[in-house]
$ cat structure00.pdb   # PDB, C-alpha atoms
ATOM      1  CA  MET P   1      49.626  17.691 -40.418
ATOM      2  CA  ASN P   2      45.971  18.396 -39.585
ATOM      3  CA  ASN P   3      43.364  15.731 -40.108
ATOM      4  CA  PRO P   4      40.503  17.190 -42.204
ATOM      5  CA  PHE P   5      37.974  14.948 -40.447
ATOM      6  CA  GLN P   6      38.670  16.295 -36.944
ATOM      7  CA  PRO P   7      37.827  19.767 -35.738
ATOM      8  CA  PRO P   8      40.806  22.014 -35.175
ATOM      9  CA  GLU P   9      42.111  22.035 -31.641
ATOM     10  CA  SER P  10      41.548  25.210 -29.736
ATOM     11  CA  SER P  11      43.024  26.406 -26.490
ATOM     12  CA  ASP P  12      39.913  28.512 -25.846
ATOM     13  CA  GLN P  13      37.739  25.560 -24.856
ATOM     14  CA  GLN P  14      35.621  26.256 -21.830
ATOM     15  CA  PRO P  15      34.335  23.648 -19.397
ATOM     16  CA  PRO P  16      30.644  22.810 -19.692
ATOM     17  CA  ILE P  17      28.334  25.044 -17.715
ATOM     18  CA  GLU P  18      26.991  23.339 -14.616
ATOM     19  CA  PRO P  19      23.370  24.040 -13.654
ATOM     20  CA  PRO P  20      23.039  26.020 -10.446
ATOM     21  CA  ASP P  21      22.488  24.049  -7.289
ATOM     22  CA  PHE P  22      18.751  24.404  -6.715
ATOM     23  CA  THR P  23      17.118  23.155  -3.578
ATOM     24  CA  PRO P  24      13.345  23.659  -3.471
ATOM     25  CA  ASN P  25      11.922  25.275  -0.358
ATOM     26  CA  ASN P  26       9.145  23.754   1.763
ATOM     27  CA  GLU P  27       6.359  25.486  -0.145
ATOM     28  CA  ASP P  28       7.650  24.191  -3.483
ATOM     29  CA  ARG P  29       7.941  20.662  -2.111
ATOM     30  CA  ASN P  30       4.440  20.816  -0.610
ATOM     31  CA  LEU P  31       2.915  21.994  -3.886
ATOM     32  CA  ALA P  32       4.696  19.208  -5.774
ATOM     33  CA  LEU P  33       3.488  16.728  -3.146
ATOM     34  CA  ILE P  34      -0.103  17.902  -3.593
ATOM     35  CA  ALA P  35       0.237  17.654  -7.383
ATOM     36  CA  HIS P  36       1.282  14.014  -7.174
ATOM     37  CA  LEU P  37      -1.161  12.979  -4.436
ATOM     38  CA  SER P  38      -4.173  14.692  -6.011
ATOM     39  CA  GLY P  39      -4.314  11.843  -8.524
ATOM     40  CA  CYS P  40      -4.874   9.417  -5.653
ATOM     41  CA  ALA P  41      -7.713  11.644  -4.477
ATOM     42  CA  GLY P  42      -9.102  11.551  -8.017
ATOM     43  CA  ILE P  43      -9.549   7.781  -7.681
ATOM     44  CA  LEU P  44     -12.153   8.395  -4.988
ATOM     45  CA  ALA P  45     -14.158  10.402  -7.496
ATOM     46  CA  GLY P  46     -14.129   7.698 -10.139
ATOM     47  CA  GLY P  47     -10.644   8.308 -11.492
ATOM     48  CA  LEU P  48     -11.713  10.786 -14.122
ATOM     49  CA  ILE P  49     -10.758  14.014 -12.350
ATOM     50  CA  GLY P  50      -7.264  13.151 -11.106
ATOM     51  CA  PHE P  51      -5.756  15.641 -13.552
ATOM     52  CA  ILE P  52      -7.486  18.690 -12.021
ATOM     53  CA  GLY P  53      -5.123  19.070  -9.033
ATOM     54  CA  PRO P  54      -1.898  18.985 -11.076
ATOM     55  CA  LEU P  55      -3.480  21.280 -13.680
ATOM     56  CA  ILE P  56      -4.369  23.903 -11.060
ATOM     57  CA  ILE P  57      -0.890  23.762  -9.512
ATOM     58  CA  TYR P  58       0.739  23.980 -12.936
ATOM     59  CA  LEU P  59      -1.335  27.012 -13.966
ATOM     60  CA  THR P  60      -0.749  28.849 -10.691
ATOM     61  CA  GLN P  61       2.960  28.050 -10.307
ATOM     62  CA  LYS P  62       4.261  28.029 -13.887
ATOM     63  CA  ASP P  63       6.076  31.366 -13.527
ATOM     64  CA  LYS P  64       6.730  31.226  -9.782
ATOM     65  CA  SER P  65       8.330  27.923  -8.893
ATOM     66  CA  PRO P  66      10.335  25.852 -11.392
ATOM     67  CA  PHE P  67      10.253  22.778  -9.126
ATOM     68  CA  ALA P  68       6.487  22.871  -8.507
ATOM     69  CA  GLU P  69       5.866  23.600 -12.197
ATOM     70  CA  SER P  70       7.968  20.683 -13.442
ATOM     71  CA  GLN P  71       6.454  18.236 -10.961
ATOM     72  CA  ALA P  72       2.914  19.436 -11.690
ATOM     73  CA  LYS P  73       3.572  18.876 -15.421
ATOM     74  CA  GLU P  74       4.927  15.417 -14.677
ATOM     75  CA  ALA P  75       1.865  14.567 -12.559
ATOM     76  CA  LEU P  76      -0.493  16.045 -15.157
ATOM     77  CA  ASN P  77       1.084  13.977 -17.929
ATOM     78  CA  PHE P  78       0.796  10.866 -15.773
ATOM     79  CA  GLN P  79      -2.878  11.536 -15.000
ATOM     80  CA  ILE P  80      -3.656  11.956 -18.690
ATOM     81  CA  THR P  81      -1.724   8.749 -19.445
ATOM     82  CA  LEU P  82      -3.781   6.903 -16.815
ATOM     83  CA  LEU P  83      -7.005   8.381 -18.177
ATOM     84  CA  ILE P  84      -6.173   7.019 -21.635
ATOM     85  CA  LEU P  85      -5.227   3.666 -20.093
ATOM     86  CA  SER P  86      -8.552   3.615 -18.204
ATOM     87  CA  VAL P  87     -10.473   4.145 -21.437
ATOM     88  CA  VAL P  88      -8.527   1.338 -23.127
ATOM     89  CA  CYS P  89      -9.194  -0.971 -20.160
ATOM     90  CA  GLY P  90     -12.896  -0.094 -20.291
ATOM     91  CA  VAL P  91     -13.058  -0.900 -23.974
ATOM     92  CA  LEU P  92     -11.317  -4.220 -23.357
ATOM     93  CA  LEU P  93     -13.753  -4.986 -20.546
ATOM     94  CA  VAL P  94     -16.772  -4.312 -22.736
ATOM     95  CA  ALA P  95     -15.266  -6.241 -25.649
ATOM     96  CA  SER P  96     -14.591  -9.263 -23.459
ATOM     97  CA  CYS P  97     -18.139  -9.245 -22.000
ATOM     98  CA  GLY P  98     -16.765  -8.950 -18.465
ATOM     99  CA  ALA P  99     -14.194 -11.733 -18.691
ATOM    100  CA  LEU P 100     -11.353  -9.260 -18.163
ATOM    101  CA  PHE P 101     -12.884  -7.545 -15.130
ATOM    102  CA  PRO P 102      -9.606  -7.360 -13.112
ATOM    103  CA  ILE P 103      -8.032  -5.227 -15.855
ATOM    104  CA  VAL P 104     -10.168  -2.301 -14.677
ATOM    105  CA  PHE P 105      -8.083  -2.073 -11.492
ATOM    106  CA  VAL P 106      -4.721  -1.710 -13.272
ATOM    107  CA  PRO P 107      -4.848   2.117 -13.639
ATOM    108  CA  MET P 108      -5.950   2.510 -10.005
ATOM    109  CA  VAL P 109      -3.104   0.348  -8.707
ATOM    110  CA  LEU P 110      -0.600   2.203 -10.884
ATOM    111  CA  GLN P 111      -1.897   5.538  -9.600
ATOM    112  CA  ILE P 112      -1.608   4.545  -5.952
ATOM    113  CA  VAL P 113       1.828   2.919  -6.238
ATOM    114  CA  PHE P 114       3.517   5.543  -8.407
ATOM    115  CA  GLY P 115       1.671   8.429  -6.754
ATOM    116  CA  ILE P 116       3.079   7.443  -3.361
ATOM    117  CA  ILE P 117       6.588   6.894  -4.771
ATOM    118  CA  ALA P 118       6.480  10.325  -6.439
ATOM    119  CA  ALA P 119       5.159  11.984  -3.284
ATOM    120  CA  LEU P 120       7.962  10.514  -1.185
ATOM    121  CA  ALA P 121      10.574  11.695  -3.689
ATOM    122  CA  VAL P 122       9.339  15.284  -3.925
ATOM    123  CA  ARG P 123       8.874  15.468  -0.162
ATOM    124  CA  ASP P 124      12.652  15.063   0.056
ATOM    125  CA  GLY P 125      13.187  17.696  -2.647
ATOM    126  CA  ARG P 126      14.102  15.268  -5.437
ATOM    127  CA  PRO P 127      12.323  15.605  -8.788
ATOM    128  CA  TYR P 128      10.440  12.484  -9.874
ATOM    129  CA  GLN P 129       9.786  11.127 -13.344
ATOM    130  CA  TYR P 130       7.239   8.383 -13.824
ATOM    131  CA  PRO P 131       8.693   5.313 -15.573
ATOM    132  CA  PHE P 132       6.103   5.447 -18.351
ATOM    133  CA  ASN P 133       4.413   8.663 -19.243
ATOM    134  CA  LEU P 134       3.097  10.432 -22.324
ATOM    135  CA  ARG P 135       4.981  13.745 -22.355
ATOM    136  CA  LEU P 136       2.138  15.913 -23.607
ATOM    137  CA  PHE P 137       3.141  19.002 -21.605
ATOM    138  CA  GLN P 138       6.831  19.853 -21.999
TER     139      GLN P 138
END

$ encode --input "structure00.pdb" --output "structure tokens"
Amino acid sequence: MNNPFQPPESSDQQPPIEPPDFTPNNEDRNLALIAHLSGCAGILAGGLIGFIGPLIIYLTQKDKSPFAESQAKEALNFQITLLILSVVCGVLLVASCGALFPIVFVPMVLQIVFGIIAALAVRDGRPYQYPFNLRLFQ
């Protein structure tokens, strides 16, 4: 007797579709590398323009290279997350009258550490996701 709480069994079940094996070429990996490392270059300019490099790569590669597009979006989201964190740290610094001065360096350290980790991953052709990131661009 059939159980009304279970779906009927079917012999027409198909195995799940596997995604195609995609290995990014050198150009895709280099563009993803530039997207992640451009945030580190943004630190030299005060940390406020680190999102420009990933934005340019995203806009130019969004229909050409799925790997470069996804990594540029990931880097862009991370740069925006760090920009928001920088503003919060600045507000805390002003509110504490300078007592929390070391907190200003937290976004810079995060950018350098995670930017290098991401660059090493995409150099080898592996996609990288930052451990904490506002996913503003999907």

$ closest_residue --input "structure00.pdb" --among "P:Gly53, P:Leu136, P:Gln79, P:Thr60" --to "Ile112 of chain P" --atoms "all atoms listed in the file"
P:Gln79

$ atom_distance --input "structure00.pdb" --atom1 "atom CA of His36 of chain P" --atom2 "atom CA of Val104 of chain P"
21.3 Å

$ atom_distance --input "structure00.pdb" --atom1 "atom CA of Ala99 of chain P" --atom2 "atom CA of Val113 of chain P"
25.0 Å

$ resolve_selection --input "structure00.pdb" --expression "the PyMOL selection byres ((chain P and resi 128) around 10)" --output "list of chain:residue names"
P:Ala32, P:His36, P:Ser70, P:Gln71, P:Glu74, P:Ala75, P:Phe114, P:Ile117, P:Ala118, P:Ala119, P:Leu120, P:Ala121, P:Val122, P:Gly125, P:Arg126, P:Pro127, P:Gln129, P:Tyr130, P:Pro131

$ closest_residue --input "structure00.pdb" --among "P:Asn77, P:Ser38, P:Ser96, P:Asn25" --to "Ser65 of chain P" --atoms "only C-alpha atoms"
P:Asn25

$ residues_near_point --input "structure00.pdb" --point "(-8.3, 9.2, -11.0)" --cutoff "10 Å" --atoms "all atoms listed in the file" --output "number ranges by chain"
P: 38-52, 79-80, 82-83, 86, 107-108, 111-112
